[in-house]
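Okay, so here's the structure we're looking at.
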Amino acid sequence: MIEIDAITKRYDDITVVDTVSMIVEPRTVTVIVGTSGSGKTTLLRMINRLVEPSSGAIRLDGEDSRSIPGHELRRRIGYAIQGHGLFPHRTVAQNIATVPNLLEWPKARVDAKVEELLSLFQLDPKVFANRYPHELSGGQQQRVGVARALAAEPKVLLMDEPFGALDPIIRAKAQEDLLAIQKHFETTIVLVTHDMDEAFHLADKIAVMDKGRVLQYGPPPELVRHPANPFVQTLIGDMQRPFRLLAVSTVAGATEPGEAGGEPISEDLSLQEALAELMWSGRRAAPVISQTGEMVGRITLDALLKHAARPK
Amino acid sequence: MSIRIDKLGVVIGLIALYGMFAASFAVLKPNRILQGQAKSMLESLPGASGWGLLLLLLFIILIALIRVPAWSRLVGAVAALAALVFAIGFAAGALTPPGNSYARVSPAAGFWVLVFAFALLAADAITRLQPPPWMRLLFLGVFALLVWGIFASDLWAGLSIMKEYAGRSEVFWSEAGKHVTLAIGSLLSACLVGLPLGIFCHRVPSIRATVLNTLNLIQTIPSIALFGILIGPLAWIATNIPGAAAMGIRGIGTAPAFVALFLYSLLPIVANTVVGLAGVPREANDAARGIGMTDRQRLIQVELPLAMPVILTGIRIVLVQNIGLATIAALIGGGGFGVFVFQGIGQTAMDLVLLGAVPTVALAFASAVILDALIQMSSAVPQRATSA
Ligand SMILES: Nc1ncnc2c1ncn2[C@@H]1O[C@H](COP(=O)(O)OP(=O)(O)OP(=O)(O)O)[C@@H](O)[C@H]1O
Ligand SMILES: [Mg+2]
């Protein structure tokens, strides 16, 4: 758990982060969104004390972050820097191995970890392990940067626009991988992004920042249903609201008893995906199957529309 | 297939033709001090040998003129230089009247012009070949071996410079030792002080300007003046601090020369360290901190490796500069090759001057080649050979 308690950062007279308080639950993904210059990076960097707060406190699992030396704190917290920040004089493998080496892992374990991460991020170790960062594409560099942040299996992972340079296909894949890794290692992730689709896809909770303040902090559906102010509403996008609502719920929650014809839909798809499938196949209903393949009921267009409607 | 003319080759050809036909090849002097008679290439080399050399050089000039692969230019240049080395030794034997032990033969302007022209050709060919660092070191090694071969054989025994050497070979090597100790010793101590000082200046920006300006000021003091300035304080140390005199510290001699070279060395080392560290990408530093490196780990694992080529460039400047400046140390009894230079000037014996100057230049050249190779090898981000 990360408790951020009235944290403030001032540079001279300018307040960059203004008395922000929020609690990040363990094993969740918190996404920070906001306009450029709103203080997202600064807030993130105060969590691992790359930036020392002007006032306020941050506690990790109840322990004040100032109670241990900054560099030790940072070894426990993974950090994928905005851009990629790879060391130009080290190979891809050496870059990824940096933190495990600082923690003095045995060599065999380091090598295995590097190989595992490279494969996970679709970078063939045989091809990429011994390349230098300048011999990679921007998207490959970014993936190596994320892999480096994950190398020591940190319990907390801070990511600053980690997928900005990826094409849509690799980006979707990287997002799935990140969620899988997060479930597997039970990592607590705080991630900054400009992409609202990405935010809604990944987040358990979203924090909206503007001018150094957190305007709203809550689960994605809450932001859609009850935006705290016009800024949040604009950021989510007026036209996007019904689709965002559909995007954050799964078919399982809208399944009703009954039968329907045609290709079945898996119950772990999002409602948005179910709607797309119904519209595309020209059906008003479709059968729903569980992950194990049993028929569990059906999903109808009416049910979907009801889920997408403004709350009364 | 048309023959294409190489522009640099034309320049080299003109220089070489001047050296061959317009300048004298060797000088014959009645003794080591008097003015001598200039001899052309054909006069210096009896019979067919003169014509042989002439034709060989003309042929190699032809190679230089047209565009042929770089390696054949290199072979040509090396062949020309080797021929010249042999020829001047041979000329010495041929020109010296039999039984006359006073007469001296020295290379004249034409010889030096030719050496310059073909060295230029060799350097150009090597640049075009882009040999990897280890190969350049290999070239240097072969070159050193050849020079040693000349010394070991009697090839140049008749030349005046070797007669000067023969008379003082022991002194020569002890002065050579002093020269190298002076140049490299002051460099090492400057590194010992300059690197930490440079790192400190990088970390504490407020003192940077003061330190660099002070070092800049020292750099502008002429060397002779600096020796003079140092005599007072060092003499005082020698008389007032127990043990200092026993360590060899005196107002004149090696100590002030060493201190002066050390002071001159500081600026390039400190300045290049500061510039090198400032050039480390901000993201790399940021990532190093973000990942949990301590300041020390960051310095050793990230900043210094990335700054190393620039720092080594500073060290290269210092080494070459020190090897040259160490010559002046002889003025205040500091020893080194300068001893021969100043003795030679005093006695108007130009060959003695050369005995000091030639090894100094060779030493500076060799250290420049070695450090250039090191710089390239140390470049933290390896430049993979890109096929042209
Ligand atoms: N070291 C610093 N000194 C002074 N001002 C700073 C410093 N670092 C950041 N700022 C200012 O703080 C504000 C917030 O910066 P921050 O990097 O947190 O923004 P951000 O929300 O991450 O923006 P972006 O989305 O463009 O990355 C900006 O106005 C920036 O100019
Ligand atoms: Mg930012």
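Convention: chains lettered A, B, ... in structure tokens order; per-chain residue numbering from 1; ligands numbered from 1 as shown.
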Would you mind listing the residues within 9 Å of ligand 1, counting only C-alpha atoms and all ligand atoms, as a PDB file with N, CA and C atoms, in the first residue's frame?
ATOM      1  N   LYS A   9       5.076  19.830  -3.785  1.00  0.00           N
ATOM      2  CA  LYS A   9       6.410  20.153  -4.301  1.00  0.00           C
ATOM      3  C   LYS A   9       6.396  21.564  -4.867  1.00  0.00           C
ATOM      4  N   ARG A  10       7.300  22.375  -4.360  1.00  0.00           N
ATOM      5  CA  ARG A  10       7.429  23.742  -4.873  1.00  0.00           C
ATOM      6  C   ARG A  10       8.817  23.928  -5.463  1.00  0.00           C
ATOM      7  N   TYR A  11       8.885  24.521  -6.644  1.00  0.00           N
ATOM      8  CA  TYR A  11      10.173  24.998  -7.165  1.00  0.00           C
ATOM      9  C   TYR A  11      10.137  26.503  -7.051  1.00  0.00           C
ATOM     10  N   ASP A  12      11.012  27.053  -6.198  1.00  0.00           N
ATOM     11  CA  ASP A  12      10.947  28.479  -5.873  1.00  0.00           C
ATOM     12  C   ASP A  12       9.517  28.824  -5.460  1.00  0.00           C
ATOM     13  N   ILE A  14       6.819  28.431  -7.473  1.00  0.00           N
ATOM     14  CA  ILE A  14       5.808  27.726  -8.260  1.00  0.00           C
ATOM     15  C   ILE A  14       5.484  26.389  -7.604  1.00  0.00           C
ATOM     16  N   THR A  15       4.212  26.178  -7.344  1.00  0.00           N
ATOM     17  CA  THR A  15       3.792  24.906  -6.760  1.00  0.00           C
ATOM     18  C   THR A  15       3.458  23.947  -7.903  1.00  0.00           C
ATOM     19  N   VAL A  16       4.218  22.893  -7.983  1.00  0.00           N
ATOM     20  CA  VAL A  16       4.095  21.957  -9.095  1.00  0.00           C
ATOM     21  C   VAL A  16       3.159  20.814  -8.733  1.00  0.00           C
ATOM     22  N   VAL A  17       3.233  20.374  -7.477  1.00  0.00           N
ATOM     23  CA  VAL A  17       2.283  19.391  -6.949  1.00  0.00           C
ATOM     24  C   VAL A  17       1.744  19.985  -5.664  1.00  0.00           C
ATOM     25  N   VAL A  33      -3.644  10.480 -15.031  1.00  0.00           N
ATOM     26  CA  VAL A  33      -3.803  11.164 -16.316  1.00  0.00           C
ATOM     27  C   VAL A  33      -3.869  12.663 -16.049  1.00  0.00           C
ATOM     28  N   GLY A  34      -3.697  13.437 -17.100  1.00  0.00           N
ATOM     29  CA  GLY A  34      -3.754  14.884 -16.942  1.00  0.00           C
ATOM     30  C   GLY A  34      -3.000  15.561 -18.059  1.00  0.00           C
ATOM     31  N   THR A  35      -3.185  16.871 -18.153  1.00  0.00           N
ATOM     32  CA  THR A  35      -2.539  17.607 -19.232  1.00  0.00           C
ATOM     33  C   THR A  35      -1.032  17.655 -19.030  1.00  0.00           C
ATOM     34  N   SER A  36      -0.331  18.016 -20.072  1.00  0.00           N
ATOM     35  CA  SER A  36       1.121  18.124 -19.999  1.00  0.00           C
ATOM     36  C   SER A  36       1.494  19.233 -19.013  1.00  0.00           C
ATOM     37  N   GLY A  37       2.451  18.930 -18.139  1.00  0.00           N
ATOM     38  CA  GLY A  37       2.874  19.928 -17.168  1.00  0.00           C
ATOM     39  C   GLY A  37       2.008  19.989 -15.925  1.00  0.00           C
ATOM     40  N   SER A  38       1.090  19.020 -15.767  1.00  0.00           N
ATOM     41  CA  SER A  38       0.186  19.074 -14.612  1.00  0.00           C
ATOM     42  C   SER A  38       0.830  18.495 -13.357  1.00  0.00           C
ATOM     43  N   GLY A  39       2.027  17.931 -13.478  1.00  0.00           N
ATOM     44  CA  GLY A  39       2.733  17.460 -12.285  1.00  0.00           C
ATOM     45  C   GLY A  39       2.735  15.951 -12.108  1.00  0.00           C
ATOM     46  N   LYS A  40       2.363  15.206 -13.165  1.00  0.00           N
ATOM     47  CA  LYS A  40       2.284  13.750 -13.051  1.00  0.00           C
ATOM     48  C   LYS A  40       3.652  13.136 -12.764  1.00  0.00           C
ATOM     49  N   THR A  41       4.635  13.529 -13.595  1.00  0.00           N
ATOM     50  CA  THR A  41       5.970  12.966 -13.414  1.00  0.00           C
ATOM     51  C   THR A  41       6.524  13.333 -12.039  1.00  0.00           C
ATOM     52  N   THR A  42       6.303  14.582 -11.649  1.00  0.00           N
ATOM     53  CA  THR A  42       6.818  15.020 -10.356  1.00  0.00           C
ATOM     54  C   THR A  42       6.204  14.205  -9.219  1.00  0.00           C
ATOM     55  N   LEU A  43       4.894  13.973  -9.293  1.00  0.00           N
ATOM     56  CA  LEU A  43       4.230  13.175  -8.256  1.00  0.00           C
ATOM     57  C   LEU A  43       4.819  11.765  -8.225  1.00  0.00           C
ATOM     58  N   LEU A  44       4.992  11.187  -9.396  1.00  0.00           N
ATOM     59  CA  LEU A  44       5.535   9.833  -9.489  1.00  0.00           C
ATOM     60  C   LEU A  44       6.939   9.770  -8.885  1.00  0.00           C
ATOM     61  N   ARG A  45       7.754  10.790  -9.205  1.00  0.00           N
ATOM     62  CA  ARG A  45       9.144  10.777  -8.750  1.00  0.00           C
ATOM     63  C   ARG A  45       9.281  11.096  -7.270  1.00  0.00           C
ATOM     64  N   VAL A  51      12.579  12.980  -6.486  1.00  0.00           N
ATOM     65  CA  VAL A  51      12.295  14.371  -6.159  1.00  0.00           C
ATOM     66  C   VAL A  51      11.903  14.379  -4.689  1.00  0.00           C
ATOM     67  N   GLN A  82      10.285   8.157 -18.173  1.00  0.00           N
ATOM     68  CA  GLN A  82       9.709   8.751 -19.403  1.00  0.00           C
ATOM     69  C   GLN A  82      10.817   8.810 -20.454  1.00  0.00           C
ATOM     70  N   ASP A 160       6.323   5.781 -16.267  1.00  0.00           N
ATOM     71  CA  ASP A 160       6.006   7.101 -16.806  1.00  0.00           C
ATOM     72  C   ASP A 160       5.841   6.991 -18.319  1.00  0.00           C
ATOM     73  N   GLU A 161       4.636   7.020 -18.789  1.00  0.00           N
ATOM     74  CA  GLU A 161       4.319   6.866 -20.213  1.00  0.00           C
ATOM     75  C   GLU A 161       5.124   5.737 -20.858  1.00  0.00           C
ATOM     76  N   VAL A 192       1.689   6.532 -15.483  1.00  0.00           N
ATOM     77  CA  VAL A 192       1.275   7.815 -16.059  1.00  0.00           C
ATOM     78  C   VAL A 192       1.014   7.612 -17.545  1.00  0.00           C
ATOM     79  N   THR A 193      -0.064   8.143 -18.046  1.00  0.00           N
ATOM     80  CA  THR A 193      -0.295   8.061 -19.489  1.00  0.00           C
ATOM     81  C   THR A 193      -1.098   9.267 -19.976  1.00  0.00           C
ATOM     82  N   HIS A 194      -0.997   9.527 -21.281  1.00  0.00           N
ATOM     83  CA  HIS A 194      -1.826  10.549 -21.914  1.00  0.00           C
ATOM     84  C   HIS A 194      -3.013   9.921 -22.640  1.00  0.00           C
ATOM     85  N   MET A 209      -5.223  14.664 -12.895  1.00  0.00           N
ATOM     86  CA  MET A 209      -4.465  15.808 -12.362  1.00  0.00           C
ATOM     87  C   MET A 209      -4.593  17.022 -13.268  1.00  0.00           C
ATOM     88  N   ASP A 210      -4.639  18.185 -12.630  1.00  0.00           N
ATOM     89  CA  ASP A 210      -4.565  19.444 -13.376  1.00  0.00           C
ATOM     90  C   ASP A 210      -3.903  20.479 -12.485  1.00  0.00           C
ATOM     91  N   LYS A 211      -2.948  21.190 -13.015  1.00  0.00           N
ATOM     92  CA  LYS A 211      -2.244  22.251 -12.293  1.00  0.00           C
ATOM     93  C   LYS A 211      -1.787  21.805 -10.904  1.00  0.00           C
ATOM     94  N   GLY A 212      -1.230  20.613 -10.834  1.00  0.00           N
ATOM     95  CA  GLY A 212      -0.644  20.182  -9.573  1.00  0.00           C
ATOM     96  C   GLY A 212      -1.615  19.571  -8.586  1.00  0.00           C
TER      97      GLY A 212
END
(message) Would you mind listing, as a list in words, all residues of chain B that have at least one atom within 8 Å of chain A, where only C-alpha atoms are what counts?
(response)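 Residues satisfying the distance criterion: Glu283, Ala284, Asp286, Ala287, Arg289, Gly290, Ile291, Gly292, Met293, Thr294, Val302, Pro305, Leu306, Ala380, Val381 and Pro382 of chain B.
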Keeping only N, CA and C atoms, write those residues as an mmCIF file, in the first residue's frame.
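Once everything was written out, this is again_39.cif:
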data_model
loop_
_atom_site.group_PDB
_atom_site.id
_atom_site.type_symbol
_atom_site.label_atom_id
_atom_site.label_comp_id
_atom_site.auth_asym_id
_atom_site.auth_seq_id
_atom_site.Cartn_x
_atom_site.Cartn_y
_atom_site.Cartn_z
ATOM 1 N N GLU B 283 19.191 11.584 -19.407
ATOM 2 C CA GLU B 283 18.315 10.438 -19.144
ATOM 3 C C GLU B 283 19.098 9.290 -18.503
ATOM 4 N N ALA B 284 20.361 9.118 -18.969
ATOM 5 C CA ALA B 284 21.154 8.015 -18.421
ATOM 6 C C ALA B 284 21.406 8.253 -16.936
ATOM 7 N N ASP B 286 19.568 10.096 -14.961
ATOM 8 C CA ASP B 286 18.277 10.018 -14.309
ATOM 9 C C ASP B 286 17.904 8.559 -14.056
ATOM 10 N N ALA B 287 18.085 7.739 -15.091
ATOM 11 C CA ALA B 287 17.756 6.324 -14.960
ATOM 12 C C ALA B 287 18.645 5.677 -13.904
ATOM 13 N N ARG B 289 19.931 6.986 -11.281
ATOM 14 C CA ARG B 289 19.416 7.325 -9.955
ATOM 15 C C ARG B 289 18.098 6.606 -9.696
ATOM 16 N N GLY B 290 17.235 6.606 -10.696
ATOM 17 C CA GLY B 290 15.911 6.024 -10.532
ATOM 18 C C GLY B 290 15.956 4.536 -10.236
ATOM 19 N N ILE B 291 17.041 3.908 -10.683
ATOM 20 C CA ILE B 291 17.165 2.475 -10.551
ATOM 21 C C ILE B 291 17.782 2.096 -9.207
ATOM 22 N N GLY B 292 18.303 3.122 -8.512
ATOM 23 C CA GLY B 292 18.819 2.869 -7.169
ATOM 24 C C GLY B 292 20.326 2.792 -7.072
ATOM 25 N N MET B 293 21.041 3.436 -8.018
ATOM 26 C CA MET B 293 22.490 3.491 -7.861
ATOM 27 C C MET B 293 22.844 4.591 -6.859
ATOM 28 N N THR B 294 23.872 4.342 -6.063
ATOM 29 C CA THR B 294 24.381 5.414 -5.214
ATOM 30 C C THR B 294 25.171 6.371 -6.104
ATOM 31 N N VAL B 302 28.343 4.640 -14.805
ATOM 32 C CA VAL B 302 27.658 5.345 -15.894
ATOM 33 C C VAL B 302 28.446 6.572 -16.359
ATOM 34 N N PRO B 305 32.457 5.894 -17.583
ATOM 35 C CA PRO B 305 32.582 5.207 -18.876
ATOM 36 C C PRO B 305 32.105 6.060 -20.047
ATOM 37 N N LEU B 306 31.035 6.814 -19.842
ATOM 38 C CA LEU B 306 30.520 7.615 -20.951
ATOM 39 C C LEU B 306 31.405 8.833 -21.210
ATOM 40 N N ALA B 380 32.789 4.026 -25.154
ATOM 41 C CA ALA B 380 31.906 3.119 -24.415
ATOM 42 C C ALA B 380 30.845 2.500 -25.311
ATOM 43 N N VAL B 381 30.407 3.253 -26.286
ATOM 44 C CA VAL B 381 29.419 2.722 -27.215
ATOM 45 C C VAL B 381 30.155 2.243 -28.455
ATOM 46 N N PRO B 382 30.349 0.956 -28.602
ATOM 47 C CA PRO B 382 31.160 0.488 -29.719
ATOM 48 C C PRO B 382 30.515 0.848 -31.051
#
(message) For a test of reading the model, state the distance in Å between CA of Ile370 (chain B) and CA of Gln321 (chain B), rounded to one decimal.
(response)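 CA of Gln321 (chain B) lies at a distance of 14.7 Å from CA of Ile370 (chain B).
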(request) Using DSSP on the backbone, list every residue of region 88-286 of chain A that comes out as strand (DSSP E or B), and give them as a ChimeraX atom specification. (result) /A:156-160,188-192,205-210,213-218,250,256,265-266,270,285-286
Give me a file of those residues, with N, CA and C atoms, as an mmCIF file, in the first residue's frame.
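The resulting file, out.cif, is reproduced below:
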data_model
loop_
_atom_site.group_PDB
_atom_site.id
_atom_site.type_symbol
_atom_site.label_atom_id
_atom_site.label_comp_id
_atom_site.auth_asym_id
_atom_site.auth_seq_id
_atom_site.Cartn_x
_atom_site.Cartn_y
_atom_site.Cartn_z
ATOM 1 N N VAL A 156 6.534 -2.756 -6.058
ATOM 2 C CA VAL A 156 5.913 -1.520 -6.530
ATOM 3 C C VAL A 156 6.599 -1.114 -7.828
ATOM 4 N N LEU A 157 5.809 -0.736 -8.816
ATOM 5 C CA LEU A 157 6.370 -0.384 -10.116
ATOM 6 C C LEU A 157 5.809 0.974 -10.540
ATOM 7 N N LEU A 158 6.701 1.929 -10.812
ATOM 8 C CA LEU A 158 6.290 3.248 -11.291
ATOM 9 C C LEU A 158 6.610 3.329 -12.774
ATOM 10 N N MET A 159 5.633 3.741 -13.573
ATOM 11 C CA MET A 159 5.873 3.768 -15.018
ATOM 12 C C MET A 159 5.409 5.103 -15.576
ATOM 13 N N ASP A 160 6.323 5.781 -16.267
ATOM 14 C CA ASP A 160 6.006 7.101 -16.806
ATOM 15 C C ASP A 160 5.841 6.991 -18.319
ATOM 16 N N THR A 188 2.130 -3.734 -7.326
ATOM 17 C CA THR A 188 1.344 -2.513 -7.252
ATOM 18 C C THR A 188 1.916 -1.551 -8.284
ATOM 19 N N ILE A 189 1.081 -1.114 -9.222
ATOM 20 C CA ILE A 189 1.599 -0.294 -10.315
ATOM 21 C C ILE A 189 0.993 1.103 -10.273
ATOM 22 N N VAL A 190 1.838 2.111 -10.398
ATOM 23 C CA VAL A 190 1.357 3.474 -10.625
ATOM 24 C C VAL A 190 1.890 3.885 -11.993
ATOM 25 N N LEU A 191 0.988 4.237 -12.899
ATOM 26 C CA LEU A 191 1.379 4.450 -14.289
ATOM 27 C C LEU A 191 0.841 5.791 -14.776
ATOM 28 N N VAL A 192 1.689 6.532 -15.483
ATOM 29 C CA VAL A 192 1.275 7.815 -16.059
ATOM 30 C C VAL A 192 1.014 7.612 -17.545
ATOM 31 N N LYS A 205 -7.958 2.163 -10.564
ATOM 32 C CA LYS A 205 -8.357 3.508 -10.164
ATOM 33 C C LYS A 205 -7.620 4.516 -11.034
ATOM 34 N N ILE A 206 -8.300 5.621 -11.324
ATOM 35 C CA ILE A 206 -7.690 6.668 -12.133
ATOM 36 C C ILE A 206 -7.607 7.932 -11.294
ATOM 37 N N ALA A 207 -6.442 8.607 -11.380
ATOM 38 C CA ALA A 207 -6.317 9.917 -10.741
ATOM 39 C C ALA A 207 -6.185 10.953 -11.847
ATOM 40 N N VAL A 208 -7.054 11.963 -11.824
ATOM 41 C CA VAL A 208 -6.997 13.015 -12.842
ATOM 42 C C VAL A 208 -6.292 14.228 -12.243
ATOM 43 N N MET A 209 -5.223 14.664 -12.895
ATOM 44 C CA MET A 209 -4.465 15.808 -12.362
ATOM 45 C C MET A 209 -4.593 17.022 -13.268
ATOM 46 N N ASP A 210 -4.639 18.185 -12.630
ATOM 47 C CA ASP A 210 -4.565 19.444 -13.376
ATOM 48 C C ASP A 210 -3.903 20.479 -12.485
ATOM 49 N N ARG A 213 -2.902 19.596 -8.911
ATOM 50 C CA ARG A 213 -3.876 19.033 -7.972
ATOM 51 C C ARG A 213 -4.497 17.772 -8.551
ATOM 52 N N VAL A 214 -4.927 16.879 -7.651
ATOM 53 C CA VAL A 214 -5.701 15.721 -8.105
ATOM 54 C C VAL A 214 -7.165 16.116 -8.039
ATOM 55 N N LEU A 215 -7.813 16.187 -9.194
ATOM 56 C CA LEU A 215 -9.202 16.645 -9.231
ATOM 57 C C LEU A 215 -10.168 15.531 -8.852
ATOM 58 N N GLN A 216 -9.850 14.325 -9.278
ATOM 59 C CA GLN A 216 -10.717 13.201 -8.959
ATOM 60 C C GLN A 216 -9.879 11.942 -8.926
ATOM 61 N N TYR A 217 -10.201 11.062 -7.989
ATOM 62 C CA TYR A 217 -9.451 9.816 -7.850
ATOM 63 C C TYR A 217 -10.454 8.716 -7.552
ATOM 64 N N GLY A 218 -10.680 7.817 -8.476
ATOM 65 C CA GLY A 218 -11.656 6.769 -8.220
ATOM 66 C C GLY A 218 -11.654 5.726 -9.311
ATOM 67 N N THR A 250 -17.474 -6.468 -17.767
ATOM 68 C CA THR A 250 -17.349 -7.670 -18.595
ATOM 69 C C THR A 250 -18.737 -8.243 -18.874
ATOM 70 N N GLU A 256 -27.864 -12.774 -19.112
ATOM 71 C CA GLU A 256 -29.176 -13.142 -18.579
ATOM 72 C C GLU A 256 -29.498 -14.554 -19.043
ATOM 73 N N ILE A 265 -20.253 -15.830 -27.351
ATOM 74 C CA ILE A 265 -19.312 -14.804 -26.888
ATOM 75 C C ILE A 265 -18.775 -15.244 -25.535
ATOM 76 N N SER A 266 -17.473 -15.060 -25.308
ATOM 77 C CA SER A 266 -16.873 -15.461 -24.034
ATOM 78 C C SER A 266 -17.246 -14.457 -22.951
ATOM 79 N N SER A 270 -15.049 -7.643 -22.712
ATOM 80 C CA SER A 270 -15.698 -6.444 -22.196
ATOM 81 C C SER A 270 -17.021 -6.252 -22.933
ATOM 82 N N ALA A 285 -28.918 -10.612 -30.158
ATOM 83 C CA ALA A 285 -28.518 -11.369 -28.973
ATOM 84 C C ALA A 285 -27.491 -12.416 -29.380
ATOM 85 N N ALA A 286 -26.701 -12.856 -28.391
ATOM 86 C CA ALA A 286 -25.723 -13.902 -28.674
ATOM 87 C C ALA A 286 -25.594 -14.783 -27.435
#
(message) If we count only C-alpha atoms and set the cut-off at 12 Å, which residues sit around Ile3 (chain B), ignoring sequence neighbours fewer than 3 positions away in its own chain? Please answer as an NGL selection string.
(response) :B and (6 or 62-63 or 65-68)
(request) Counting only C-alpha atoms and all ligand atoms, figure out which residue out of A:Thr255, A:Gly164, A:His201, A:Ala6 gets nearest to ligand 2. (result)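 Ranked by minimum distance to ligand 2, first place goes to A:Gly164.
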(request) Using only C-alpha atoms, find the one residue out of B:Phe200, B:Trp148, B:Trp156, B:Phe258 that sits nearest to Phe227 (chain B). (result)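 Selected residue with least distance to Phe227 (chain B): B:Phe258.
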(request) For CA of Asp268 (chain A) and CA of Glu176 (chain A), quote the distance in Å rounded to one decimal. (result)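 Atom-to-atom, CA of Asp268 (chain A) to CA of Glu176 (chain A), that is 13.8 Å.
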(request) Point out the residue among A:Ala309, A:Ile32, A:Lys173, A:Thr8 with the least atom-to-atom distance to ligand 2, counting only C-alpha atoms and all ligand atoms. (result)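 Closest residue, counting only C-alpha atoms and all ligand atoms: A:Ile32.
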(request) Please report, as a PyMOL selection string, each residue of region 2-237 of chain B to which DSSP assigns helix (DSSP H, G or I) when run on this structure's backbone. (result) chain B and resi 7-22+41-44+48-65+70-95+109-129+133-152+160-167+169-203+205-220+223-237
Within 8 Å of Val105 (chain B), counting only C-alpha atoms, which residues show up once you throw out same-chain ones fewer than 6 positions away? Write them as a PDB file with C-alpha atoms, in the first residue's frame, please.
ATOM      1  CA  ALA B  26      73.087  15.204 -48.183  1.00  0.00           C
ATOM      2  CA  VAL B  27      75.704  17.588 -46.772  1.00  0.00           C
ATOM      3  CA  LEU B  28      79.374  16.779 -46.447  1.00  0.00           C
ATOM      4  CA  LYS B  29      81.125  18.818 -43.759  1.00  0.00           C
ATOM      5  CA  ALA B  92      77.177   8.602 -45.698  1.00  0.00           C
ATOM      6  CA  LEU B  95      80.661  10.575 -49.346  1.00  0.00           C
ATOM      7  CA  THR B  96      83.000  10.305 -46.368  1.00  0.00           C
ATOM      8  CA  GLY B 158      78.471   6.818 -41.176  1.00  0.00           C
ATOM      9  CA  LEU B 159      75.865   9.508 -40.513  1.00  0.00           C
ATOM     10  CA  SER B 160      76.772  12.450 -38.385  1.00  0.00           C
TER      11      SER B 160
END
(message) Report, in Å with one decimal, the straight-line distance from CA of Leu58 (chain B) to CA of Ser24 (chain B).
(response) 16.8 Å
